[in-house]
Amino acid sequence: MTTEQELQSLFNTLDRDQDGKISINELFLSPGLSAVISSETNTNSPQELLVQYDSDEDGSITFEELKKAVEKASNLT
């Protein structure tokens, strides 16, 4: 389980270009952090995360989309 502050810190670390979104490429550039995201969202891969939670279908995950995924997995404290 993670707090919203920890999730924001993880998101900021993954968002290498600081555009407010995590792209599939950014997820693959940090495999260890991607594994944390997968475990917190109960997904098996970055692709699955995008398919399930990229609500605006822009090919990336915003903090709000990530937060919803973690909340849905009941891992946000």
# chains A, B, ... in the order shown; residues from 1 in each chain; ligands from 1

call {"tool": "residues_around", "arguments": {"residues": "segment 49-63 of chain A", "least_positions_apart": "6", "cutoff": "7 Å", "atoms": "only C-alpha atoms", "output": "ChimeraX atom specification"}}
result
/A:11,20-24,43,69

call {"tool": "write_last_selection", "arguments": {"atoms": "all heavy atoms", "output": "compact mmCIF listing (two decimals), in the first residue's frame"}}
result
# COMPACT_ATOMS: atom_id res chain seq x y z
N PHE A 11 5.33 8.89 -9.38
CA PHE A 11 4.89 9.42 -10.67
C PHE A 11 5.90 10.44 -11.19
O PHE A 11 6.30 10.39 -12.35
CB PHE A 11 3.51 10.08 -10.52
CG PHE A 11 2.97 10.63 -11.80
CD1 PHE A 11 2.22 9.84 -12.65
CD2 PHE A 11 3.23 11.94 -12.19
CE1 PHE A 11 1.72 10.34 -13.85
CE2 PHE A 11 2.75 12.46 -13.37
CZ PHE A 11 1.99 11.65 -14.21
N GLY A 20 3.72 15.84 -17.20
CA GLY A 20 2.51 15.53 -16.47
C GLY A 20 1.87 14.21 -16.86
O GLY A 20 0.77 13.90 -16.43
N LYS A 21 2.59 13.42 -17.67
CA LYS A 21 2.09 12.13 -18.13
C LYS A 21 3.25 11.13 -18.12
O LYS A 21 4.39 11.50 -18.34
CB LYS A 21 1.56 12.22 -19.55
CG LYS A 21 0.42 13.19 -19.72
CD LYS A 21 0.04 13.30 -21.18
CE LYS A 21 -1.06 14.33 -21.37
NZ LYS A 21 -1.42 14.46 -22.79
N ILE A 22 2.91 9.87 -17.91
CA ILE A 22 3.90 8.80 -18.01
C ILE A 22 3.59 8.04 -19.29
O ILE A 22 2.53 7.44 -19.43
CB ILE A 22 3.84 7.84 -16.81
CG1 ILE A 22 4.07 8.58 -15.51
CG2 ILE A 22 4.88 6.73 -16.98
CD1 ILE A 22 3.82 7.73 -14.28
N SER A 23 4.53 8.08 -20.22
CA SER A 23 4.35 7.36 -21.48
C SER A 23 4.79 5.91 -21.32
O SER A 23 5.47 5.55 -20.36
CB SER A 23 5.18 8.02 -22.58
OG SER A 23 6.56 7.81 -22.33
N ILE A 24 4.43 5.09 -22.27
CA ILE A 24 4.86 3.69 -22.26
C ILE A 24 6.38 3.61 -22.29
O ILE A 24 6.98 2.77 -21.62
CB ILE A 24 4.20 2.89 -23.42
CG1 ILE A 24 4.42 1.39 -23.26
CG2 ILE A 24 4.70 3.36 -24.76
CD1 ILE A 24 3.58 0.75 -22.23
N THR A 43 -1.80 -4.86 -12.05
CA THR A 43 -1.68 -5.13 -13.48
C THR A 43 -0.39 -5.91 -13.72
O THR A 43 0.52 -5.89 -12.89
CB THR A 43 -1.66 -3.83 -14.31
OG1 THR A 43 -0.58 -3.01 -13.87
CG2 THR A 43 -2.97 -3.07 -14.18
N ALA A 69 -6.24 3.96 -10.65
CA ALA A 69 -5.85 2.55 -10.76
C ALA A 69 -5.44 2.00 -9.41
O ALA A 69 -5.81 0.88 -9.04
CB ALA A 69 -4.71 2.41 -11.76

call {"tool": "select_by_dssp", "arguments": {"residues": "chain A", "states": "helix (DSSP H, G or I)", "output": "PyMOL selection string"}}
result
chain A and resi 4-14+24-29+31-41+46-53+63-72

call {"tool": "select_by_dssp", "arguments": {"residues": "chain A", "states": "strand (DSSP E or B)", "output": "JSON, numbers by chain"}}
result
{"A": [2, 21, 22, 23, 60, 61, 62, 76]}

call {"tool": "residues_around", "arguments": {"residues": "segment 6-10 of chain A", "least_positions_apart": "4", "cutoff": "12 Å", "atoms": "only C-alpha atoms", "output": "ChimeraX atom specification"}}
result
/A:1-2,14-16,20-22,27,30,32-37,40-41,62-71,75-77
